[in-house]
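Next comes target_32.txt, a file with compact mmCIF, C-alpha atoms.
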# COMPACT_ATOMS: atom_id res chain seq x y z
CA MET E 1 109.48 107.02 99.84
CA ASP E 2 110.72 110.12 101.70
CA ALA E 3 113.48 110.14 104.29
CA ALA E 4 111.19 110.12 107.33
CA SER E 5 109.17 107.24 105.91
CA SER E 6 112.16 105.02 105.10
CA GLU E 7 113.44 105.81 108.59
CA ILE E 8 110.23 104.37 110.05
CA THR E 9 110.71 101.20 107.98
CA TRP E 10 114.26 100.78 109.31
CA ILE E 11 113.08 101.32 112.88
CA ILE E 12 110.48 98.59 112.34
CA VAL E 13 113.07 96.17 110.94
CA ALA E 14 115.55 96.88 113.77
CA GLY E 15 112.78 96.54 116.36
CA ALA E 16 111.74 93.21 114.80
CA VAL E 17 115.29 91.83 114.85
CA LEU E 18 115.79 92.80 118.51
CA THR E 19 112.37 91.41 119.48
CA TYR E 20 113.21 88.09 117.84
CA MET E 21 116.56 88.05 119.64
CA ALA E 22 114.71 88.50 122.95
CA ARG E 23 112.29 85.67 122.08
CA PHE E 24 115.02 83.24 121.03
CA GLY E 25 117.90 84.53 123.14
CA GLY E 26 116.23 84.07 126.52
CA HIS E 27 116.29 80.31 126.03
CA VAL E 28 119.79 80.27 124.53
CA VAL E 29 121.40 82.48 127.19
CA LEU E 30 119.53 81.64 130.40
CA SER E 31 119.62 77.87 129.75
CA ARG E 32 123.41 78.06 130.14
CA PHE E 33 123.16 79.40 133.68
CA LYS E 34 122.33 77.20 136.64
CA SER E 35 120.72 80.14 138.46
CA VAL E 36 119.92 83.75 137.58
CA PRO E 37 120.52 86.42 140.25
CA PRO E 38 117.18 87.34 141.88
CA ARG E 39 117.87 91.05 141.37
CA VAL E 40 118.16 90.48 137.62
CA LEU E 41 114.88 88.52 137.58
CA ALA E 42 113.12 91.22 139.63
CA ALA E 43 114.44 93.93 137.30
CA LEU E 44 113.29 92.03 134.17
CA ASP E 45 109.91 91.44 135.78
CA ALA E 46 109.47 95.18 136.39
CA VAL E 47 110.43 96.35 132.89
CA PRO E 48 107.00 96.38 131.15
CA ALA E 49 105.21 98.25 133.97
CA ALA E 50 108.09 100.71 134.39
CA VAL E 51 108.29 101.55 130.67
CA MET E 52 104.55 101.82 130.11
CA THR E 53 103.95 103.99 133.19
CA THR E 54 106.17 106.70 131.64
CA LEU E 55 103.90 106.69 128.58
CA PHE E 56 100.71 107.68 130.40
CA ALA E 57 101.82 109.48 133.61
CA PRO E 58 102.93 112.79 131.98
CA VAL E 59 99.77 112.82 129.81
CA ALA E 60 97.64 112.39 132.94
CA LEU E 61 99.45 114.94 135.10
CA THR E 62 100.72 117.71 132.81
CA ASN E 63 98.07 118.13 130.07
CA GLY E 64 95.24 119.68 132.10
CA TRP E 65 92.08 118.78 133.97
CA PRO E 66 90.28 116.83 131.20
CA GLU E 67 93.20 114.38 130.80
CA ALA E 68 93.77 114.09 134.57
CA ILE E 69 90.11 113.37 135.36
CA ALA E 70 89.61 111.04 132.40
CA MET E 71 92.73 109.02 133.31
CA GLY E 72 91.41 108.71 136.88
CA LEU E 73 88.10 107.37 135.54
CA VAL E 74 89.94 104.89 133.28
CA LEU E 75 91.94 103.70 136.30
CA LEU E 76 88.77 103.11 138.35
CA VAL E 77 87.11 101.22 135.49
CA GLY E 78 90.30 99.19 134.91
CA LEU E 79 90.32 97.88 138.49
CA ARG E 80 86.98 96.15 137.86
CA PHE E 81 86.49 95.72 134.11
CA ASN E 82 88.44 94.71 131.01
CA MET E 83 90.43 96.72 128.48
CA THR E 84 87.49 97.28 126.13
CA ALA E 85 85.52 98.98 128.91
CA MET E 86 88.57 101.11 129.73
CA LEU E 87 89.03 102.31 126.16
CA ILE E 88 85.34 103.15 125.79
CA THR E 89 85.54 105.09 129.09
CA ALA E 90 88.66 106.87 127.81
CA CYS E 91 87.02 107.95 124.55
CA VAL E 92 83.69 109.05 125.99
CA SER E 93 85.10 110.83 129.07
CA ILE E 94 87.87 112.73 127.26
CA VAL E 95 85.49 114.04 124.58
CA ALA E 96 82.94 115.10 127.21
CA LEU E 97 85.52 116.68 129.56
CA ARG E 98 87.31 118.56 126.79
CA HIS E 99 83.95 119.94 125.71
CA LEU E 100 83.18 120.89 129.31
CA PHE E 101 86.55 122.58 130.01
CA GLY E 102 87.13 123.80 126.46
CA MET C 1 100.34 64.17 109.37
CA THR C 2 99.07 61.62 111.86
CA ASP C 3 95.63 61.65 113.46
CA ALA C 4 97.19 62.76 116.76
CA ASP C 5 98.84 65.71 115.00
CA ARG C 6 95.55 66.67 113.41
CA ALA C 7 93.73 66.46 116.74
CA ASP C 8 96.42 68.57 118.44
CA PHE C 9 96.30 71.17 115.68
CA LEU C 10 92.50 71.42 115.97
CA GLN C 11 92.76 71.67 119.77
CA GLY C 12 95.25 74.54 119.33
CA MET C 13 92.85 76.29 116.98
CA LYS C 14 90.09 75.89 119.54
CA ASP C 15 92.32 77.25 122.33
CA CYS C 16 93.16 80.39 120.36
CA VAL C 17 89.56 81.53 119.78
CA PRO C 18 89.27 83.66 122.97
CA ILE C 19 92.66 85.22 122.24
CA VAL C 20 91.75 86.12 118.66
CA LEU C 21 88.45 87.63 119.82
CA GLY C 22 90.07 89.47 122.73
CA SER C 23 92.92 90.98 120.74
CA GLY C 24 90.89 91.68 117.58
CA ALA C 25 89.90 95.21 118.53
CA PHE C 26 93.52 96.06 119.43
CA GLY C 27 94.86 94.75 116.14
CA VAL C 28 92.46 97.04 114.27
CA LEU C 29 93.12 99.93 116.68
CA PHE C 30 96.86 99.54 116.06
CA GLY C 31 96.40 99.82 112.29
CA ALA C 32 94.20 102.90 112.63
CA LEU C 33 96.51 104.69 115.09
CA ALA C 34 99.60 103.77 113.03
CA VAL C 35 98.21 105.51 109.95
CA ASP C 36 97.09 108.38 112.17
CA ASN C 37 100.70 108.76 113.41
CA GLY C 38 102.11 109.08 109.90
CA MET C 39 102.81 105.48 108.92
CA SER C 40 101.74 103.99 105.60
CA MET C 41 99.40 100.99 105.45
CA TYR C 42 102.35 98.89 104.26
CA GLN C 43 104.43 99.92 107.30
CA ALA C 44 101.57 99.18 109.70
CA VAL C 45 101.21 95.68 108.24
CA LEU C 46 105.00 95.19 108.18
CA MET C 47 105.19 96.14 111.86
CA SER C 48 102.46 93.69 112.89
CA ALA C 49 103.98 90.94 110.71
CA THR C 50 107.60 91.30 111.86
CA ILE C 51 107.60 92.68 115.42
CA TYR C 52 104.32 90.93 116.31
CA ALA C 53 104.00 92.31 119.85
CA GLY C 54 101.06 94.63 120.45
CA ALA C 55 102.26 96.80 123.33
CA SER C 56 105.66 97.52 121.77
CA GLN C 57 104.02 98.35 118.45
CA MET C 58 101.85 100.90 120.23
CA VAL C 59 104.94 102.33 121.94
CA GLY C 60 106.63 102.56 118.54
CA ILE C 61 103.84 104.47 116.82
CA ASP C 62 103.42 106.71 119.86
CA LEU C 63 107.10 107.73 119.54
CA PHE C 64 106.96 108.05 115.72
CA GLY C 65 104.55 110.92 116.30
CA SER C 66 107.10 112.78 118.46
CA ASN C 67 110.64 113.99 117.75
CA VAL C 68 112.37 111.03 119.38
CA ALA C 69 115.69 109.83 117.91
CA PRO C 70 115.37 106.59 115.87
CA TRP C 71 117.76 104.58 118.05
CA LEU C 72 115.74 105.55 121.13
CA ILE C 73 112.54 104.29 119.49
CA VAL C 74 114.24 100.99 118.67
CA LEU C 75 115.52 100.80 122.24
CA SER C 76 112.04 101.50 123.64
CA ILE C 77 110.52 98.73 121.48
CA PHE C 78 113.25 96.39 122.70
CA ALA C 79 112.75 97.45 126.33
CA VAL C 80 109.02 96.69 126.19
CA ASN C 81 109.71 93.32 124.53
CA PHE C 82 112.54 92.36 126.83
CA ARG C 83 110.08 90.36 128.95
CA HIS C 84 110.14 87.77 126.15
CA VAL C 85 113.59 86.78 127.39
CA LEU C 86 111.80 85.36 130.44
CA TYR C 87 109.10 83.63 128.35
CA SER C 88 111.77 82.13 126.12
CA ALA C 89 113.84 80.89 129.04
CA THR C 90 110.74 79.43 130.72
CA ILE C 91 109.25 77.68 127.72
CA GLY C 92 112.52 76.52 126.14
CA PRO C 93 112.82 73.34 128.23
CA ARG C 94 109.24 72.39 127.24
CA LEU C 95 110.16 72.41 123.53
CA LYS C 96 112.93 69.82 123.78
CA SER C 97 111.31 67.62 121.12
CA PHE C 98 111.39 70.45 118.54
CA SER C 99 114.16 70.54 115.91
CA PHE C 100 116.21 73.75 115.62
CA ALA C 101 114.07 75.02 112.71
CA LYS C 102 110.85 74.28 114.61
CA LYS C 103 112.23 76.07 117.68
CA ALA C 104 113.24 79.05 115.53
CA LEU C 105 109.66 79.33 114.26
CA ALA C 106 108.11 78.68 117.67
CA PHE C 107 110.11 81.47 119.33
CA PHE C 108 109.13 83.94 116.59
CA LEU C 109 105.47 83.24 117.41
CA LEU C 110 105.94 83.43 121.20
CA VAL C 111 103.55 86.29 122.06
CA ASP C 112 102.09 86.85 125.54
CA PRO C 113 98.93 84.72 125.08
CA GLN C 114 100.89 81.95 123.29
CA PHE C 115 103.17 81.79 126.32
CA ALA C 116 100.28 81.88 128.78
CA GLU C 117 98.34 79.12 126.99
CA SER C 118 101.46 76.97 126.60
CA GLU C 119 102.15 77.23 130.32
CA ARG C 120 98.50 76.39 131.08
CA ARG C 121 98.66 73.33 128.84
CA ALA C 122 101.92 72.19 130.43
CA GLU C 123 100.45 72.64 133.92
CA ARG C 124 97.63 70.30 132.95
CA GLY C 125 100.28 67.70 132.14
CA LYS C 126 99.75 67.76 128.37
CA PRO C 127 102.78 67.87 126.07
CA ILE C 128 103.37 70.94 123.92
CA SER C 129 103.47 69.34 120.49
CA PHE C 130 104.48 71.27 117.39
CA SER C 131 100.99 70.65 115.94
CA TRP C 132 99.23 72.12 118.96
CA TYR C 133 101.64 75.06 119.06
CA LEU C 134 101.03 75.94 115.40
CA GLY C 135 97.29 75.29 115.65
CA MET C 136 97.26 78.02 118.25
CA ALA C 137 99.87 80.34 116.71
CA ILE C 138 98.95 80.40 113.00
CA PRO C 139 95.36 81.74 113.32
CA THR C 140 96.49 84.20 116.03
CA TYR C 141 99.27 85.52 113.78
CA CYS C 142 97.20 85.68 110.58
CA CYS C 143 94.39 87.56 112.33
CA TRP C 144 96.79 90.03 113.95
CA VAL C 145 98.38 90.93 110.59
CA THR C 146 95.00 91.15 108.80
CA GLU C 147 93.61 93.39 111.57
CA ALA C 148 96.46 95.88 111.06
CA ALA C 149 95.55 96.12 107.37
CA ILE C 150 91.85 96.59 108.14
CA GLY C 151 92.58 99.27 110.77
CA ALA C 152 95.06 101.09 108.51
CA TYR C 153 92.59 101.07 105.63
CA PHE C 154 89.72 102.53 107.63
CA GLY C 155 91.99 104.78 109.75
CA LYS C 156 92.53 106.98 106.69
CA PHE C 157 88.89 108.05 106.81
CA ILE C 158 89.16 109.44 110.34
CA GLY C 159 89.76 113.20 110.10
CA ASP C 160 90.79 115.00 113.30
CA PRO C 161 91.63 112.29 115.88
CA THR C 162 91.27 114.66 118.87
CA ALA C 163 87.59 115.18 117.95
CA TYR C 164 86.88 111.55 118.89
CA GLY C 165 89.42 111.40 121.72
CA LEU C 166 91.54 108.95 119.71
CA ASP C 167 94.77 110.70 120.78
CA PHE C 168 93.87 109.72 124.35
CA LEU C 169 93.41 106.01 123.52
CA LEU C 170 97.13 105.12 123.53
CA PRO C 171 97.90 106.53 127.00
CA ALA C 172 94.70 104.89 128.32
CA TYR C 173 95.75 101.61 126.71
CA PHE C 174 99.15 101.77 128.46
CA LEU C 175 97.44 102.49 131.78
CA GLY C 176 95.29 99.39 131.12
CA LEU C 177 98.34 97.21 130.49
CA VAL C 178 100.05 98.51 133.64
CA ILE C 179 96.91 97.70 135.69
CA GLY C 180 97.07 94.20 134.21
CA PHE C 181 100.53 93.71 135.76
CA ARG C 182 99.32 94.62 139.27
CA ARG C 183 99.89 91.18 140.76
CA ARG C 184 103.62 91.30 140.10
CA ARG C 185 106.00 91.78 143.00
CA ASN C 186 106.63 95.42 144.04
CA TRP C 187 104.23 96.61 141.35
CA LEU C 188 102.94 99.70 143.19
CA PRO C 189 106.36 101.09 144.24
CA VAL C 190 107.69 100.52 140.70
CA VAL C 191 104.71 102.26 139.07
CA LEU C 192 104.73 105.19 141.53
CA THR C 193 108.49 105.68 141.08
CA SER C 194 108.43 105.45 137.28
CA GLY C 195 105.39 107.73 137.17
CA ALA C 196 106.78 110.40 139.50
CA ILE C 197 110.27 110.40 137.96
CA SER C 198 108.91 110.49 134.40
CA VAL C 199 106.70 113.50 135.20
CA ILE C 200 109.62 115.32 136.84
CA ALA C 201 111.90 114.45 133.89
CA TYR C 202 109.20 115.52 131.42
CA LYS C 203 109.02 118.93 133.15
CA THR C 204 112.79 119.42 133.53
CA VAL C 205 114.82 117.43 130.98
CA GLY C 206 111.92 117.20 128.52
CA SER C 207 110.52 114.63 126.11
CA PRO C 208 111.59 111.99 125.04
CA TRP C 209 114.09 111.46 127.87
CA HIS C 210 111.33 111.10 130.45
CA VAL C 211 110.63 107.62 129.01
CA SER C 212 114.12 106.22 129.56
CA ILE C 213 114.72 108.09 132.85
CA GLY C 214 111.38 107.07 134.36
CA ALA C 215 111.71 103.45 133.22
CA ILE C 216 115.27 103.12 134.56
CA ALA C 217 114.16 104.53 137.92
CA GLY C 218 111.38 101.92 138.27
CA VAL C 219 113.54 99.01 137.13
CA ALA C 220 116.38 100.06 139.46
CA LEU C 221 113.95 100.22 142.39
CA ALA C 222 112.73 96.69 141.59
CA ALA C 223 116.32 95.42 141.56
CA ILE C 224 117.09 97.19 144.88
CA MET C 225 113.91 95.89 146.56
CA ALA C 226 114.47 92.28 145.47
CA LYS C 227 115.61 90.15 148.39
CA PRO C 228 118.80 88.26 147.61
CA ALA C 229 117.70 84.74 146.64
CA SER C 230 114.05 85.42 147.48
CA PRO C 231 112.19 82.10 147.35
CA GLU C 232 109.52 83.29 144.86
CA ALA C 233 112.11 84.50 142.36
CA VAL C 234 113.92 81.18 142.43
CA ALA C 235 110.60 79.32 142.18
CA ASP C 236 109.58 81.46 139.19
CA TYR C 237 112.74 80.50 137.38
CA GLU C 238 112.83 76.85 138.37
CA ALA C 239 109.21 76.37 137.23
CA GLY C 240 110.57 76.64 133.72
CA ASP C 241 113.23 74.05 134.37
CA ALA C 242 110.70 71.38 135.29

File written out as structure tokens:
Amino acid sequence: MDAASSEITWIIVAGAVLTYMARFGGHVVLSRFKSVPPRVLAALDAVPAAVMTTLFAPVALTNGWPEAIAMGLVLLVGLRFNMTAMLITACVSIVALRHLFG
Amino acid sequence: MTDADRADFLQGMKDCVPIVLGSGAFGVLFGALAVDNGMSMYQAVLMSATIYAGASQMVGIDLFGSNVAPWLIVLSIFAVNFRHVLYSATIGPRLKSFSFAKKALAFFLLVDPQFAESERRAERGKPISFSWYLGMAIPTYCCWVTEAAIGAYFGKFIGDPTAYGLDFLLPAYFLGLVIGFRRRRNWLPVVLTSGAISVIAYKTVGSPWHVSIGAIAGVALAAIMAKPASPEAVADYEAGDA
């Protein structure tokens, strides 16, 4: 196993340990408090959307027209339909638009 | 095993069918994209078997493909999975009858749909027995791990991923997840802030810092916008104490 590959394995193991701590620790830690500050709850609640937005926004807005238009189409489909429909839209539209603009 | 245990286990298995069907494509997609991003089949399966949280696994393989520092990848996986702290705190009081070992196993298997179905069952006034919990969790877990292997195996046969638009699937998947959160409080301001700040950071500071900077901006905004002791927030927390 080369260095980069063993590094990936260690990242996976560390990620797994921290994920398990989150799954077990929430009960252990929060059950000791009578009340959790609302700002902390609101911040925790916002974490998934905040993190994941940073993973698609630059792709949509800095890669070019095909990515920008395709992401807009995926957004429209996502407001009405499920994830499968969104991913099919993503695949079909990006291939077509890249062909068109390429 | 008593008859009641057996019935609960079977009911759990029945309850997990829509989840297994719904997440099946993503389990396979994860395996395929993992191999595409330079992971071995063994690592793809290891990731599904140990982290066992779809969105964070996708974040992980997305960052493996870039030049992001290892500790930042681990931190990103943890950040995406931090919501489980809330699930754990909410569901903990419902598992009072579980021994420590049973709790330890139950929390390992506490994925989003397991949490959602457990809450649904509790709302209907039915107890969350260990048998029901495992009846639901074991098939879900086994399928998820198997799907990673299947995806990784067939992913090797896909040549240039951009030719099929596969490189665009991960960002589209994250957009889909974010749309799924749209009923949360202050969702739009958080998303717009994280999006705008991450694009600015991407252009100025550069990748991978745009992830942390954009995420922190959105989370900070949510904390600032939260009303001190807002009734919903307290209700959300106390629901778990019932």

Long-range neighbours of stretch 3-13 of chain E as a PDB file with C-alpha atoms, keeping the file's coordinate frame, 12 Å cut-off, only C-alpha atoms, 5 positions minimum in chain:
ATOM      1  CA  LEU E  18     115.790  92.800 118.510  1.00  0.00           C
ATOM      2  CA  THR E  19     112.370  91.410 119.480  1.00  0.00           C
ATOM      3  CA  TYR E  20     113.210  88.090 117.840  1.00  0.00           C
TER       4      TYR E  20
ATOM      5  CA  ALA C  34      99.600 103.770 113.030  1.00  0.00           C
ATOM      6  CA  VAL C  35      98.210 105.510 109.950  1.00  0.00           C
ATOM      7  CA  ASN C  37     100.700 108.760 113.410  1.00  0.00           C
ATOM      8  CA  GLY C  38     102.110 109.080 109.900  1.00  0.00           C
ATOM      9  CA  MET C  39     102.810 105.480 108.920  1.00  0.00           C
ATOM     10  CA  SER C  40     101.740 103.990 105.600  1.00  0.00           C
ATOM     11  CA  MET C  41      99.400 100.990 105.450  1.00  0.00           C
ATOM     12  CA  TYR C  42     102.350  98.890 104.260  1.00  0.00           C
ATOM     13  CA  GLN C  43     104.430  99.920 107.300  1.00  0.00           C
ATOM     14  CA  ALA C  44     101.570  99.180 109.700  1.00  0.00           C
ATOM     15  CA  VAL C  45     101.210  95.680 108.240  1.00  0.00           C
ATOM     16  CA  LEU C  46     105.000  95.190 108.180  1.00  0.00           C
ATOM     17  CA  MET C  47     105.190  96.140 111.860  1.00  0.00           C
ATOM     18  CA  SER C  48     102.460  93.690 112.890  1.00  0.00           C
ATOM     19  CA  ALA C  49     103.980  90.940 110.710  1.00  0.00           C
ATOM     20  CA  THR C  50     107.600  91.300 111.860  1.00  0.00           C
ATOM     21  CA  ILE C  51     107.600  92.680 115.420  1.00  0.00           C
ATOM     22  CA  TYR C  52     104.320  90.930 116.310  1.00  0.00           C
ATOM     23  CA  ALA C  53     104.000  92.310 119.850  1.00  0.00           C
ATOM     24  CA  SER C  56     105.660  97.520 121.770  1.00  0.00           C
ATOM     25  CA  GLN C  57     104.020  98.350 118.450  1.00  0.00           C
ATOM     26  CA  MET C  58     101.850 100.900 120.230  1.00  0.00           C
ATOM     27  CA  VAL C  59     104.940 102.330 121.940  1.00  0.00           C
ATOM     28  CA  GLY C  60     106.630 102.560 118.540  1.00  0.00           C
ATOM     29  CA  ILE C  61     103.840 104.470 116.820  1.00  0.00           C
ATOM     30  CA  LEU C  63     107.100 107.730 119.540  1.00  0.00           C
ATOM     31  CA  PHE C  64     106.960 108.050 115.720  1.00  0.00           C
ATOM     32  CA  GLY C  65     104.550 110.920 116.300  1.00  0.00           C
ATOM     33  CA  ASN C  67     110.640 113.990 117.750  1.00  0.00           C
ATOM     34  CA  VAL C  68     112.370 111.030 119.380  1.00  0.00           C
ATOM     35  CA  ALA C  69     115.690 109.830 117.910  1.00  0.00           C
ATOM     36  CA  PRO C  70     115.370 106.590 115.870  1.00  0.00           C
ATOM     37  CA  TRP C  71     117.760 104.580 118.050  1.00  0.00           C
ATOM     38  CA  LEU C  72     115.740 105.550 121.130  1.00  0.00           C
ATOM     39  CA  ILE C  73     112.540 104.290 119.490  1.00  0.00           C
ATOM     40  CA  VAL C  74     114.240 100.990 118.670  1.00  0.00           C
ATOM     41  CA  LEU C  75     115.520 100.800 122.240  1.00  0.00           C
ATOM     42  CA  SER C  76     112.040 101.500 123.640  1.00  0.00           C
ATOM     43  CA  ILE C  77     110.520  98.730 121.480  1.00  0.00           C
ATOM     44  CA  PHE C  78     113.250  96.390 122.700  1.00  0.00           C
TER      45      PHE C  78
END

message: Show me, as a PyMOL selection string, the residues of chain E whose atoms get within 7 Å of chain C, using only C-alpha atoms for the distance check.
response: chain E and resi 9+11-12+14-16+18-20+22-27+30-31+38-58+71+74+78+83+87+90-91+94-95

statement: Across C:Ile128, C:Met136, C:Ile19, C:Ala32, the smallest distance to C:Phe157, with all atoms listed in the file counted, is shown by C:Ala32

Would you give the centre and edge lengths, in Å to one decimal, of a box along x, y and z around the listed atoms of stretch 196-207 of chain C, with 6 Å added to each side, as JSON?
{"center_x": 110.8, "center_y": 114.9, "center_z": 132.8, "size_x": 20.1, "size_y": 21.0, "size_z": 25.4}

message: Counting only C-alpha atoms, which residue out of C:Val28, C:Arg94, C:Leu21, C:Asp15 sits closest to C:Ser129?
response: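 Among the listed residues, the smallest separation from C:Ser129 belongs to C:Arg94.
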
message: So the first atom is atom CA of C:Leu134 and the second is atom CA of E:Arg32; what is the distance between them in Å, to one decimal place?
response: 26.9 Å

query: What separation in Å, quoted to one decimal, exists between atom CA of C:Asp8 and atom CA of C:Ser131?
result: 5.6 Å

query: Quick one: distance from atom CA of C:Gly135 to atom CA of C:Met13 in Å, one decimal?
result: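 So the answer is 4.7 Å.
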
task: Compute the distance from (99.4, 64.2, 113.7) to each atom, counting only C-alpha atoms, keep the residues with any atom at most 12 Å away, and return them as number ranges by chain; use the coordinates of the file.
output: C: 1-11, 129-132, 134-135

task: Go through C:Ala152, C:Cys16, C:Val205, C:Val145 one by one, measure the shortest atom-to-atom distance of each to C:Asp36 using only C-alpha atoms, and give the residue with the smallest value.
output: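 Among the listed residues, the smallest separation from C:Asp36 belongs to C:Ala152.
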
message: Give me, as a list in words, all polymer residues having an atom no more than 12 Å from E:Phe101, counting all atoms listed in the file and skipping those fewer than 6 positions away in the same chain.
response: Gly64, Trp65, Pro66, Glu67, Ile69, Ser93, Ile94 and Val95 of chain E
